[in-house]
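Peer 1: My structure file model_1.cif, mmCIF, C-alpha atoms, is below:
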```
data_run
loop_
_atom_site.group_PDB
_atom_site.id
_atom_site.type_symbol
_atom_site.label_atom_id
_atom_site.label_comp_id
_atom_site.auth_asym_id
_atom_site.auth_seq_id
_atom_site.Cartn_x
_atom_site.Cartn_y
_atom_site.Cartn_z
ATOM 1 C CA MET X 811 150.170 72.068 6.962
ATOM 2 C CA SER X 812 149.799 70.904 10.580
ATOM 3 C CA VAL X 813 151.499 67.530 10.984
ATOM 4 C CA VAL X 814 148.637 66.143 13.098
ATOM 5 C CA MET X 815 146.065 67.340 10.562
ATOM 6 C CA GLU X 816 148.063 65.833 7.729
ATOM 7 C CA GLU X 817 148.013 62.561 9.661
ATOM 8 C CA LEU X 818 144.225 62.689 10.121
ATOM 9 C CA LEU X 819 143.600 63.487 6.462
ATOM 10 C CA SER X 820 145.822 60.536 5.587
ATOM 11 C CA LEU X 821 143.865 58.259 7.934
ATOM 12 C CA LEU X 822 140.598 59.253 6.237
ATOM 13 C CA ASP X 823 142.055 58.712 2.738
ATOM 14 C CA LEU X 824 141.320 54.985 2.700
ATOM 15 C CA GLU X 825 143.075 52.546 0.388
ATOM 16 C CA ASN X 826 140.673 50.898 -2.084
ATOM 17 C CA LEU X 827 141.461 47.162 -2.014
ATOM 18 C CA GLU X 828 138.565 45.899 -4.100
ATOM 19 C CA VAL X 829 134.961 46.811 -4.888
ATOM 20 C CA ASN X 830 133.320 47.692 -1.523
ATOM 21 C CA LEU X 831 136.545 46.880 0.356
ATOM 22 C CA PHE X 832 138.849 49.479 1.920
ATOM 23 C CA ARG X 833 141.818 49.588 4.271
ATOM 24 C CA GLY X 834 142.644 52.315 6.756
ATOM 25 C CA ARG X 835 145.708 52.911 8.893
ATOM 26 C CA SER X 836 145.401 53.537 12.615
ATOM 27 C CA HIS X 837 146.925 56.165 14.845
ATOM 28 C CA ASP X 838 147.685 55.856 18.544
ATOM 29 C CA TYR X 839 145.648 58.734 20.025
ATOM 30 C CA PHE X 840 145.196 57.321 23.536
ATOM 31 C CA GLY X 841 148.101 54.971 24.128
ATOM 32 C CA HIS X 842 146.191 51.681 24.158
ATOM 33 C CA ASN X 843 143.189 51.050 21.900
ATOM 34 C CA VAL X 844 142.110 52.602 18.611
ATOM 35 C CA PHE X 845 140.172 55.824 19.222
ATOM 36 C CA GLY X 846 136.484 55.232 18.520
ATOM 37 C CA GLY X 847 136.198 58.497 16.608
ATOM 38 C CA GLN X 848 138.840 57.295 14.156
ATOM 39 C CA VAL X 849 136.802 54.177 13.353
ATOM 40 C CA LEU X 850 133.618 56.255 13.030
ATOM 41 C CA GLY X 851 135.267 58.654 10.590
ATOM 42 C CA GLN X 852 136.903 55.927 8.523
ATOM 43 C CA ALA X 853 133.750 53.791 8.383
ATOM 44 C CA LEU X 854 131.677 56.756 7.238
ATOM 45 C CA MET X 855 134.302 57.539 4.596
ATOM 46 C CA ALA X 856 134.206 53.908 3.389
ATOM 47 C CA ALA X 857 130.415 54.042 3.111
ATOM 48 C CA GLY X 858 130.525 57.358 1.260
ATOM 49 C CA ARG X 859 133.057 56.030 -1.253
ATOM 50 C CA THR X 860 130.341 53.652 -2.519
ATOM 51 C CA VAL X 861 127.607 56.311 -2.814
ATOM 52 C CA GLU X 862 126.994 58.134 -6.103
ATOM 53 C CA ASN X 863 125.693 61.642 -6.890
ATOM 54 C CA ASN X 864 127.633 63.277 -4.023
ATOM 55 C CA LEU X 865 124.940 62.490 -1.475
ATOM 56 C CA LEU X 866 125.696 63.532 2.094
ATOM 57 C CA ALA X 867 125.084 61.397 5.187
ATOM 58 C CA HIS X 868 122.101 62.240 7.371
ATOM 59 C CA SER X 869 122.590 59.562 10.044
ATOM 60 C CA LEU X 870 124.751 56.726 11.301
ATOM 61 C CA HIS X 871 124.253 54.054 13.951
ATOM 62 C CA ALA X 872 127.280 52.095 15.132
ATOM 63 C CA TYR X 873 128.375 49.465 17.649
ATOM 64 C CA PHE X 874 131.878 49.016 19.042
ATOM 65 C CA LEU X 875 132.279 45.249 19.408
ATOM 66 C CA ARG X 876 135.965 44.752 20.226
ATOM 67 C CA PRO X 877 138.885 47.080 21.011
ATOM 68 C CA GLY X 878 141.024 47.890 17.982
ATOM 69 C CA ASN X 879 144.804 47.656 17.891
ATOM 70 C CA PRO X 880 146.314 51.019 16.810
ATOM 71 C CA LYS X 881 149.462 49.275 15.535
ATOM 72 C CA SER X 882 147.604 47.457 12.763
ATOM 73 C CA PRO X 883 145.417 48.569 9.823
ATOM 74 C CA ILE X 884 141.658 48.063 9.751
ATOM 75 C CA VAL X 885 139.745 46.650 6.771
ATOM 76 C CA TYR X 886 136.299 48.118 6.054
ATOM 77 C CA SER X 887 133.789 45.984 4.172
ATOM 78 C CA VAL X 888 130.783 47.877 2.769
ATOM 79 C CA GLU X 889 127.437 46.305 1.867
ATOM 80 C CA ARG X 890 125.245 48.286 -0.547
ATOM 81 C CA VAL X 891 121.936 47.702 1.183
ATOM 82 C CA ARG X 892 119.748 50.071 -0.841
ATOM 83 C CA ASP X 893 119.991 52.770 -3.492
ATOM 84 C CA GLY X 894 116.666 54.609 -3.571
ATOM 85 C CA ARG X 895 115.531 57.859 -5.116
ATOM 86 C CA SER X 896 115.648 59.712 -1.782
ATOM 87 C CA PHE X 897 117.718 57.540 0.546
ATOM 88 C CA THR X 898 120.804 55.378 0.134
ATOM 89 C CA THR X 899 121.786 52.896 2.840
ATOM 90 C CA ARG X 900 125.105 51.214 3.557
ATOM 91 C CA THR X 901 126.312 48.743 6.184
ATOM 92 C CA VAL X 902 129.995 48.800 7.142
ATOM 93 C CA LYS X 903 131.973 46.158 9.014
ATOM 94 C CA ALA X 904 135.405 47.009 10.398
ATOM 95 C CA ILE X 905 137.693 43.961 10.540
ATOM 96 C CA GLN X 906 141.006 43.435 12.290
ATOM 97 C CA PHE X 907 142.869 40.113 12.654
ATOM 98 C CA GLY X 908 139.915 38.335 11.040
ATOM 99 C CA GLU X 909 137.359 39.575 13.597
ATOM 100 C CA ILE X 910 134.662 42.231 13.325
ATOM 101 C CA ILE X 911 135.545 44.986 15.798
ATOM 102 C CA PHE X 912 132.865 47.500 14.758
ATOM 103 C CA THR X 913 129.706 47.630 12.679
ATOM 104 C CA MET X 914 127.760 50.612 11.378
ATOM 105 C CA MET X 915 124.719 51.404 9.284
ATOM 106 C CA ALA X 916 124.795 54.782 7.542
ATOM 107 C CA SER X 917 122.075 56.521 5.571
ATOM 108 C CA PHE X 918 122.578 59.156 2.866
ATOM 109 C CA ALA X 919 119.851 61.398 1.481
ATOM 110 C CA THR X 920 119.087 63.876 -1.268
ATOM 111 C CA GLU X 921 118.698 67.486 -0.199
ATOM 112 C CA GLU X 922 115.061 68.556 0.192
ATOM 113 C CA ALA X 923 113.117 71.593 1.369
ATOM 114 C CA GLY X 924 110.841 71.129 4.382
ATOM 115 C CA PHE X 925 109.983 72.191 7.925
ATOM 116 C CA ASP X 926 112.857 73.837 9.751
ATOM 117 C CA HIS X 927 113.270 74.405 13.505
ATOM 118 C CA GLN X 928 115.865 73.663 16.190
ATOM 119 C CA PHE X 929 116.643 73.975 19.884
ATOM 120 C CA PRO X 930 118.486 77.226 20.578
ATOM 121 C CA MET X 931 122.189 77.101 21.350
ATOM 122 C CA PRO X 932 123.050 77.325 25.079
ATOM 123 C CA ASP X 933 124.290 80.702 26.258
ATOM 124 C CA VAL X 934 128.053 80.197 26.425
ATOM 125 C CA GLU X 935 131.090 82.405 25.983
ATOM 126 C CA GLY X 936 133.141 82.100 22.801
ATOM 127 C CA PRO X 937 136.224 79.857 22.488
ATOM 128 C CA GLU X 938 138.600 82.739 23.205
ATOM 129 C CA ALA X 939 137.482 82.656 26.848
ATOM 130 C CA PHE X 940 138.731 79.109 27.498
ATOM 131 C CA THR X 941 142.023 77.240 27.755
ATOM 132 C CA SER X 942 142.801 74.548 25.207
ATOM 133 C CA GLU X 943 142.493 70.933 26.282
ATOM 134 C CA LEU X 944 146.093 70.335 25.158
ATOM 135 C CA ASP X 945 147.391 72.940 27.616
ATOM 136 C CA LEU X 946 145.254 71.404 30.374
ATOM 137 C CA ARG X 947 146.572 67.912 29.618
ATOM 138 C CA ARG X 948 150.160 69.135 29.650
ATOM 139 C CA MET X 949 149.560 70.730 33.050
ATOM 140 C CA ILE X 950 148.624 67.373 34.596
ATOM 141 C CA ALA X 951 151.127 65.256 32.632
ATOM 142 C CA PRO X 952 153.932 65.587 35.249
ATOM 143 C CA TYR X 953 151.642 63.960 37.837
ATOM 144 C CA VAL X 954 150.833 60.933 35.652
ATOM 145 C CA PRO X 955 152.955 57.726 35.552
ATOM 146 C CA GLU X 956 155.683 58.190 32.967
ATOM 147 C CA LYS X 957 154.426 55.402 30.687
ATOM 148 C CA HIS X 958 151.107 57.289 30.245
ATOM 149 C CA ARG X 959 152.641 60.726 29.875
ATOM 150 C CA ALA X 960 153.409 60.683 26.146
ATOM 151 C CA TRP X 961 149.814 60.503 24.895
ATOM 152 C CA LEU X 962 148.726 63.239 27.316
ATOM 153 C CA GLU X 963 151.313 65.614 25.862
ATOM 154 C CA LEU X 964 150.553 64.872 22.209
ATOM 155 C CA GLU X 965 148.924 67.487 20.014
ATOM 156 C CA ARG X 966 145.702 66.302 18.381
ATOM 157 C CA PRO X 967 144.236 67.341 15.022
ATOM 158 C CA ILE X 968 141.110 68.778 16.649
ATOM 159 C CA GLU X 969 141.603 71.549 19.196
ATOM 160 C CA LEU X 970 139.198 71.328 22.131
ATOM 161 C CA ARG X 971 138.467 74.102 24.616
ATOM 162 C CA PRO X 972 136.424 72.728 27.558
ATOM 163 C CA ILE X 973 133.934 75.029 29.254
ATOM 164 C CA ASP X 974 134.294 73.434 32.704
ATOM 165 C CA PRO X 975 137.271 71.022 32.655
ATOM 166 C CA VAL X 976 137.467 68.096 35.066
ATOM 167 C CA ASN X 977 140.595 67.300 37.068
ATOM 168 C CA PRO X 978 140.960 63.493 36.653
ATOM 169 C CA PHE X 979 142.891 63.279 39.941
ATOM 170 C CA ASP X 980 140.268 65.175 41.915
ATOM 171 C CA ALA X 981 136.994 64.545 40.128
ATOM 172 C CA GLN X 982 134.115 65.954 42.175
ATOM 173 C CA PRO X 983 130.436 65.021 41.671
ATOM 174 C CA LYS X 984 128.726 67.560 39.433
ATOM 175 C CA GLU X 985 125.730 67.928 37.170
ATOM 176 C CA PRO X 986 125.814 65.512 34.181
ATOM 177 C CA MET X 987 126.332 68.275 31.654
ATOM 178 C CA ARG X 988 129.425 69.592 29.876
ATOM 179 C CA GLY X 989 130.523 71.355 26.730
ATOM 180 C CA HIS X 990 133.525 72.306 24.659
ATOM 181 C CA TRP X 991 134.429 74.292 21.609
ATOM 182 C CA MET X 992 136.209 72.331 18.867
ATOM 183 C CA LYS X 993 137.906 73.115 15.580
ATOM 184 C CA ALA X 994 140.340 71.477 13.159
ATOM 185 C CA GLN X 995 143.902 72.748 13.441
ATOM 186 C CA MET X 996 144.019 73.978 9.821
ATOM 187 C CA THR X 997 141.860 75.078 6.917
ATOM 188 C CA LEU X 998 140.304 72.066 5.178
ATOM 189 C CA PRO X 999 139.285 71.440 1.553
ATOM 190 C CA ASP X 1000 135.817 72.552 0.448
ATOM 191 C CA ASP X 1001 134.408 69.011 0.544
ATOM 192 C CA PRO X 1002 131.189 68.786 2.617
ATOM 193 C CA PHE X 1003 131.469 65.017 3.023
ATOM 194 C CA LEU X 1004 135.044 65.261 4.327
ATOM 195 C CA HIS X 1005 133.771 67.721 6.939
ATOM 196 C CA GLN X 1006 131.077 65.193 7.923
ATOM 197 C CA CYS X 1007 133.723 62.487 8.416
ATOM 198 C CA MET X 1008 135.813 64.932 10.462
ATOM 199 C CA LEU X 1009 132.747 65.755 12.551
ATOM 200 C CA ALA X 1010 132.099 62.042 13.162
ATOM 201 C CA PHE X 1011 135.740 61.688 14.251
ATOM 202 C CA SER X 1012 135.401 64.642 16.635
ATOM 203 C CA SER X 1013 132.030 63.625 18.068
ATOM 204 C CA ASP X 1014 133.614 60.902 20.228
ATOM 205 C CA PHE X 1015 135.800 63.268 22.259
ATOM 206 C CA ALA X 1016 134.529 63.645 25.868
ATOM 207 C CA LEU X 1017 130.999 62.365 25.187
ATOM 208 C CA MET X 1018 131.268 59.079 27.101
ATOM 209 C CA GLY X 1019 132.581 60.720 30.273
ATOM 210 C CA THR X 1020 129.510 62.913 30.734
ATOM 211 C CA ALA X 1021 127.587 60.148 32.533
ATOM 212 C CA MET X 1022 130.430 59.763 35.055
ATOM 213 C CA LEU X 1023 130.292 63.387 36.208
ATOM 214 C CA PRO X 1024 127.600 62.940 38.943
ATOM 215 C CA HIS X 1025 129.665 60.125 40.463
ATOM 216 C CA GLY X 1026 132.996 61.935 40.717
ATOM 217 C CA ALA X 1027 134.543 59.371 38.372
ATOM 218 C CA HIS X 1028 136.920 59.685 35.432
ATOM 219 C CA PHE X 1029 138.227 57.175 32.881
ATOM 220 C CA MET X 1030 141.825 57.807 34.034
ATOM 221 C CA GLN X 1031 141.096 56.475 37.518
ATOM 222 C CA PRO X 1032 142.672 53.012 37.975
ATOM 223 C CA ASP X 1033 139.458 51.434 39.288
ATOM 224 C CA MET X 1034 137.411 52.430 36.226
ATOM 225 C CA GLN X 1035 136.944 50.287 33.110
ATOM 226 C CA CYS X 1036 135.459 52.466 30.385
ATOM 227 C CA ALA X 1037 134.672 51.949 26.717
ATOM 228 C CA SER X 1038 132.208 53.181 24.112
ATOM 229 C CA ILE X 1039 129.474 50.622 23.410
ATOM 230 C CA ASP X 1040 127.529 52.287 20.618
ATOM 231 C CA HIS X 1041 127.331 55.656 18.869
ATOM 232 C CA ALA X 1042 124.607 57.328 16.837
ATOM 233 C CA MET X 1043 124.777 60.578 14.939
ATOM 234 C CA TRP X 1044 122.404 62.703 12.895
ATOM 235 C CA PHE X 1045 123.630 65.407 10.498
ATOM 236 C CA HIS X 1046 121.056 68.212 10.308
ATOM 237 C CA ARG X 1047 122.832 71.011 8.464
ATOM 238 C CA GLU X 1048 126.177 71.465 6.757
ATOM 239 C CA ALA X 1049 129.088 72.628 8.882
ATOM 240 C CA ARG X 1050 132.802 73.208 8.507
ATOM 241 C CA MET X 1051 135.208 71.543 10.917
ATOM 242 C CA ASP X 1052 137.783 74.297 10.345
ATOM 243 C CA GLU X 1053 135.438 76.780 12.028
ATOM 244 C CA TRP X 1054 134.586 76.743 15.739
ATOM 245 C CA LEU X 1055 131.739 74.414 16.735
ATOM 246 C CA TYR X 1056 130.206 74.143 20.190
ATOM 247 C CA TYR X 1057 129.505 70.613 21.494
ATOM 248 C CA HIS X 1058 126.913 70.566 24.309
ATOM 249 C CA MET X 1059 126.585 67.199 26.110
ATOM 250 C CA ASP X 1060 124.351 65.778 28.819
ATOM 251 C CA ALA X 1061 123.695 62.362 30.371
ATOM 252 C CA PRO X 1062 120.074 61.656 31.384
ATOM 253 C CA SER X 1063 120.772 58.241 32.930
ATOM 254 C CA ALA X 1064 123.380 55.853 34.307
ATOM 255 C CA SER X 1065 122.531 52.314 35.403
ATOM 256 C CA ALA X 1066 123.825 48.740 35.271
ATOM 257 C CA ALA X 1067 127.432 49.887 34.664
ATOM 258 C CA LYS X 1068 126.374 51.831 31.567
ATOM 259 C CA GLY X 1069 125.880 55.547 31.006
ATOM 260 C CA MET X 1070 123.663 57.193 28.401
ATOM 261 C CA ASN X 1071 125.104 60.364 26.826
ATOM 262 C CA ARG X 1072 123.650 62.852 24.322
ATOM 263 C CA GLY X 1073 125.104 65.764 22.414
ATOM 264 C CA LEU X 1074 124.116 68.759 20.305
ATOM 265 C CA ILE X 1075 126.658 70.440 18.011
ATOM 266 C CA TYR X 1076 126.233 74.096 17.034
ATOM 267 C CA THR X 1077 128.031 76.564 14.812
ATOM 268 C CA ARG X 1078 129.307 79.731 16.422
ATOM 269 C CA ASP X 1079 126.296 81.649 15.097
ATOM 270 C CA GLY X 1080 123.898 79.167 16.730
ATOM 271 C CA ARG X 1081 122.881 76.764 13.946
ATOM 272 C CA LEU X 1082 122.315 73.198 15.176
ATOM 273 C CA VAL X 1083 124.324 71.054 12.750
ATOM 274 C CA ALA X 1084 124.368 67.596 14.371
ATOM 275 C CA SER X 1085 123.069 65.484 17.261
ATOM 276 C CA THR X 1086 124.738 62.508 18.927
ATOM 277 C CA ALA X 1087 123.871 59.714 21.345
ATOM 278 C CA GLN X 1088 126.192 57.183 22.905
ATOM 279 C CA GLU X 1089 126.055 54.538 25.611
ATOM 280 C CA GLY X 1090 129.314 53.792 27.379
ATOM 281 C CA LEU X 1091 130.593 51.145 29.756
ATOM 282 C CA GLN X 1092 131.535 52.657 33.135
ATOM 283 C CA ARG X 1093 132.420 49.728 35.343
ATOM 284 C CA ARG X 1094 134.141 49.993 38.688
ATOM 285 C CA ARG X 1095 136.549 47.124 39.229
ATOM 286 C CA ALA X 1096 138.590 45.827 42.154
ATOM 287 C CA PRO X 1097 142.040 47.443 42.485
ATOM 288 C CA ARG X 1098 144.893 45.433 41.004
ATOM 289 C CA PRO X 1099 147.698 44.154 43.240
ATOM 290 C CA LYS X 1100 150.348 46.811 43.790
ATOM 291 C CA ASN X 1101 153.037 44.735 42.077
ATOM 292 C CA THR X 1102 150.974 44.376 38.892
ATOM 293 C CA GLU X 1103 151.685 46.930 36.179
ATOM 294 C CA SER X 1104 148.435 48.532 35.100
ATOM 295 C CA SER X 1105 147.444 49.180 31.516
ATOM 296 C CA PRO X 1106 146.781 52.673 30.154
ATOM 297 C CA PRO X 1107 143.191 53.858 30.526
ATOM 298 C CA ILE X 1108 140.695 52.977 27.826
ATOM 299 C CA ALA X 1109 139.337 56.098 26.107
#
```
Can you dump the structure from the file as structure tokens?
Peer 2:
Amino acid sequence: MSVVMEELLSLLDLENLEVNLFRGRSHDYFGHNVFGGQVLGQALMAAGRTVENNLLAHSLHAYFLRPGNPKSPIVYSVERVRDGRSFTTRTVKAIQFGEIIFTMMASFATEEAGFDHQFPMPDVEGPEAFTSELDLRRMIAPYVPEKHRAWLELERPIELRPIDPVNPFDAQPKEPMRGHWMKAQMTLPDDPFLHQCMLAFSSDFALMGTAMLPHGAHFMQPDMQCASIDHAMWFHREARMDEWLYYHMDAPSASAAKGMNRGLIYTRDGRLVASTAQEGLQRRRAPRPKNTESSPPIA
């Protein structure tokens, strides 16, 4: 078993503290704050642990309120808002050091027959045609301050293969559109809900940066303060995270130091399995004095 995948599966296997109360460990994916995708995946898992009849999620709507500390666990408190015949609703609060750092409402639904259509998948080459994001990060690591180098060189549980990668040290203005292939590093159990939680975890990679593309900006630049503000996701059809998925992202607007990003996630054979939307903070700030040690970038 891949060590990084074993770690992710462990993170999603929440400790049950009490009825509707769970605790999850954190992992340092970006060298500073808890990765938003980790909180999304854990919160969805906490909500699902209180839902009966093996219902699957069809949507979630979340707000990131405070940065999380990756060195400390997070407690997830679930409120059972409604248990209906067709829909089940849960509210989740993520708590760290006595403060709410994240809140989410998730809805679960019974499977029904109905109308069926989708936008076609963009015409893009398969994952074999592209270099992995890990290899790209390791190529730039020698040019990054040593204290930031470790997290750039780390293997992650989800392999990404960007279609048109951005050089953070030479970001050029370009169309607010990007995409990458993504897949878990190992074969996963046949548990559809686990795959949904993995997909929620993976949906936060690269999405926020899409709205910075037209401005030649990148979250690693020292004058940028970036953070996810909210995140919404809709699950349309079942998908496996241990098979290649294509994540197509665009950003229709940026204003008032915030960027609006959207995403569509497809299987390799073109089925649209999920949609995402996220607004992110993208604030330019005054350079710090040269003798002040800067913090790692917020992802």
Peer 1: Using all atoms listed in the file, which residue out of X:Cys1007, X:Leu962, X:Ser882, X:Val891 lies closest to X:Ala856?
Peer 2: X:Cys1007
Peer 1: Could you work out how far atom CA of X:Ser869 lies from atom CA of X:Glu817, giving the answer in Å with one decimal?
Peer 2: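 Straight-line distance from atom CA of X:Glu817 to atom CA of X:Ser869 works out to 25.6 Å.
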Peer 1: What is the atom CA of X:Arg988 to atom CA of X:Gly1073 distance in Å?
Peer 2: 9.4 Å
Peer 1: Find the residues near X:Phe1029: any atom within 10 Å, counting only C-alpha atoms, skip ones fewer than 3 places away on the same chain, and give them as a list in words.
Peer 2: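 Close residues of X:Phe1029: Pro978, Met1018, Gly1019, Met1022, Pro1032, Asp1033, Met1034, Gln1035, Cys1036, Ala1037, Gln1092, Arg1093, Pro1107, Ile1108 and Ala1109 of chain X.
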Peer 1: Please produce a file of those selected residues containing C-alpha atoms, as a JSON list (two decimals), keeping the file's coordinate frame.
Peer 2:
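Below you can see selection_39.json, which holds the result:
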```json
[["chain", "number", "residue", "atom", "x", "y", "z"],
["X", 978, "PRO", "CA", 140.96, 63.49, 36.65],
["X", 1018, "MET", "CA", 131.27, 59.08, 27.10],
["X", 1019, "GLY", "CA", 132.58, 60.72, 30.27],
["X", 1022, "MET", "CA", 130.43, 59.76, 35.06],
["X", 1032, "PRO", "CA", 142.67, 53.01, 37.98],
["X", 1033, "ASP", "CA", 139.46, 51.43, 39.29],
["X", 1034, "MET", "CA", 137.41, 52.43, 36.23],
["X", 1035, "GLN", "CA", 136.94, 50.29, 33.11],
["X", 1036, "CYS", "CA", 135.46, 52.47, 30.38],
["X", 1037, "ALA", "CA", 134.67, 51.95, 26.72],
["X", 1092, "GLN", "CA", 131.54, 52.66, 33.14],
["X", 1093, "ARG", "CA", 132.42, 49.73, 35.34],
["X", 1107, "PRO", "CA", 143.19, 53.86, 30.53],
["X", 1108, "ILE", "CA", 140.70, 52.98, 27.83],
["X", 1109, "ALA", "CA", 139.34, 56.10, 26.11]]
```
Peer 1: Nearest to X:Phe845 among X:Ala1061, X:Leu819, X:Ala1021, X:Ala1010, with distances taken over only C-alpha atoms: which residue is it?
Peer 2: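 With only C-alpha atoms as the atom set, the closest residue is X:Ala1010.
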Peer 1: Once the PyMOL selection byres ((chain X and resi 833) around 9) has been applied to the shown file, what residues remain in the selection, as a VMD selection string?
Peer 2: chain X and resid 824 to 827 831 to 832 834 to 835 856 883 to 887
Peer 1: Which residue out of X:Tyr1056, X:Phe918, X:Tyr1076, X:Trp1044 has the minimum interatomic distance to X:Glu969 when all atoms listed in the file are used?
Peer 2: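 Checking each candidate against X:Glu969, we get X:Tyr1056 as the closest.
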Peer 1: Rounded to one decimal place, report the atom CA of X:Arg1047-atom CA of X:Ala904 distance in Å.
Peer 2: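 Between atom CA of X:Arg1047 and atom CA of X:Ala904 the gap is 27.2 Å.
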Peer 1: If we count only C-alpha atoms and set the cut-off at 12 Å, which residues sit around X:Gly894, ignoring sequence neighbours fewer than 2 positions away in its own chain? Please answer as a PyMOL selection string.
Peer 2: chain X and resi 861-863+865+890-892+896-900+917-920
Peer 1: Restricting the calculation to all atoms listed in the file, which member of X:Pro1062, X:Gly1080, X:Pro932, X:Pro1002 is positioned closest to X:Gly858?
Peer 2: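 The closest residue to X:Gly858 is X:Pro1002.
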Peer 1: Would you list the residues near (147.8, 54.2, 12.8), meaning any protein, DNA or RNA residue with an atom at most 6 Å from that point in file coordinates, counting all atoms listed in the file, as a PyMOL selection string?
Peer 2: chain X and resi 835-838+880-881
Peer 1: Which one of X:Met1070, X:Ala923, X:Leu946, X:Ile1039 sits closest to X:His871 if you count only C-alpha atoms?
Peer 2: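 Among the listed residues, the smallest separation from X:His871 belongs to X:Ile1039.
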Peer 1: Pick the closest to X:Gln1006 from X:Asp1052, X:Glu963, X:Asp974, X:Glu956: which is it, counting all atoms listed in the file?
Peer 2: X:Asp1052
Peer 1: Show which residues sit within 12 Å of X:Val813, as a VMD selection string. Count all atoms listed in the file, and ignore same-chain residues fewer than 4 positions away.
Peer 2: chain X and resid 817 to 820 964 to 968 995 to 996
Peer 1: In file coordinates, which residues lie within 10 Å of (135.3, 72.9, 19.1) using all atoms listed in the file, given as a list in words?
Peer 2: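 Residues lying no farther than 10 Å from the given point: Pro937, Ser942, Ile968, Glu969, Leu970, Arg971, Pro972, Gly989, His990, Trp991, Met992, Lys993, Ala994, Ser1012, Ser1013, Met1051, Asp1052, Glu1053, Trp1054, Leu1055, Tyr1056, Tyr1057, Ile1075, Tyr1076, Thr1077 and Arg1078 of chain X.
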Peer 1: Please dump the current selection as a PDB file, in the frame of the given file; keep C-alpha atoms.
Peer 2:
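Output file result-v6.pdb is given in full below:
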```
ATOM      1  CA  PRO X 937     136.224  79.857  22.488  1.00  0.00           C
ATOM      2  CA  SER X 942     142.801  74.548  25.207  1.00  0.00           C
ATOM      3  CA  ILE X 968     141.110  68.778  16.649  1.00  0.00           C
ATOM      4  CA  GLU X 969     141.603  71.549  19.196  1.00  0.00           C
ATOM      5  CA  LEU X 970     139.198  71.328  22.131  1.00  0.00           C
ATOM      6  CA  ARG X 971     138.467  74.102  24.616  1.00  0.00           C
ATOM      7  CA  PRO X 972     136.424  72.728  27.558  1.00  0.00           C
ATOM      8  CA  GLY X 989     130.523  71.355  26.730  1.00  0.00           C
ATOM      9  CA  HIS X 990     133.525  72.306  24.659  1.00  0.00           C
ATOM     10  CA  TRP X 991     134.429  74.292  21.609  1.00  0.00           C
ATOM     11  CA  MET X 992     136.209  72.331  18.867  1.00  0.00           C
ATOM     12  CA  LYS X 993     137.906  73.115  15.580  1.00  0.00           C
ATOM     13  CA  ALA X 994     140.340  71.477  13.159  1.00  0.00           C
ATOM     14  CA  SER X1012     135.401  64.642  16.635  1.00  0.00           C
ATOM     15  CA  SER X1013     132.030  63.625  18.068  1.00  0.00           C
ATOM     16  CA  MET X1051     135.208  71.543  10.917  1.00  0.00           C
ATOM     17  CA  ASP X1052     137.783  74.297  10.345  1.00  0.00           C
ATOM     18  CA  GLU X1053     135.438  76.780  12.028  1.00  0.00           C
ATOM     19  CA  TRP X1054     134.586  76.743  15.739  1.00  0.00           C
ATOM     20  CA  LEU X1055     131.739  74.414  16.735  1.00  0.00           C
ATOM     21  CA  TYR X1056     130.206  74.143  20.190  1.00  0.00           C
ATOM     22  CA  TYR X1057     129.505  70.613  21.494  1.00  0.00           C
ATOM     23  CA  ILE X1075     126.658  70.440  18.011  1.00  0.00           C
ATOM     24  CA  TYR X1076     126.233  74.096  17.034  1.00  0.00           C
ATOM     25  CA  THR X1077     128.031  76.564  14.812  1.00  0.00           C
ATOM     26  CA  ARG X1078     129.307  79.731  16.422  1.00  0.00           C
TER      27      ARG X1078
END
```
Peer 1: I need the residue set behind the PyMOL selection byres ((chain X and resi 927) around 12) for this file; please write it as JSON, numbers by chain.
Peer 2: {"X": [924, 925, 926, 928, 929, 930, 1046, 1047, 1081, 1082, 1083]}
Peer 1: Report the residues retrieved by the PyMOL selection byres ((chain X and resi 852) around 9) from the displayed file, expressed as a list in words.
Peer 2: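 Applied to this file, the PyMOL selection byres ((chain X and resi 852) around 9) selects Leu821, Leu822, Asp823, Leu824, Gly834, Gly847, Gln848, Val849, Leu850, Gly851, Ala853, Leu854, Met855, Ala856, Ala857, Tyr886, Cys1007 and Phe1011 of chain X.
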Peer 1: Could you dump the residues just selected with C-alpha atoms as an mmCIF file, keeping the file's coordinate frame?
Peer 2:
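Below is the file that was written, result25.cif:
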```cif
data_model
loop_
_atom_site.group_PDB
_atom_site.id
_atom_site.type_symbol
_atom_site.label_atom_id
_atom_site.label_comp_id
_atom_site.auth_asym_id
_atom_site.auth_seq_id
_atom_site.Cartn_x
_atom_site.Cartn_y
_atom_site.Cartn_z
ATOM 1 C CA LEU X 821 143.865 58.259 7.934
ATOM 2 C CA LEU X 822 140.598 59.253 6.237
ATOM 3 C CA ASP X 823 142.055 58.712 2.738
ATOM 4 C CA LEU X 824 141.320 54.985 2.700
ATOM 5 C CA GLY X 834 142.644 52.315 6.756
ATOM 6 C CA GLY X 847 136.198 58.497 16.608
ATOM 7 C CA GLN X 848 138.840 57.295 14.156
ATOM 8 C CA VAL X 849 136.802 54.177 13.353
ATOM 9 C CA LEU X 850 133.618 56.255 13.030
ATOM 10 C CA GLY X 851 135.267 58.654 10.590
ATOM 11 C CA ALA X 853 133.750 53.791 8.383
ATOM 12 C CA LEU X 854 131.677 56.756 7.238
ATOM 13 C CA MET X 855 134.302 57.539 4.596
ATOM 14 C CA ALA X 856 134.206 53.908 3.389
ATOM 15 C CA ALA X 857 130.415 54.042 3.111
ATOM 16 C CA TYR X 886 136.299 48.118 6.054
ATOM 17 C CA CYS X 1007 133.723 62.487 8.416
ATOM 18 C CA PHE X 1011 135.740 61.688 14.251
#
```
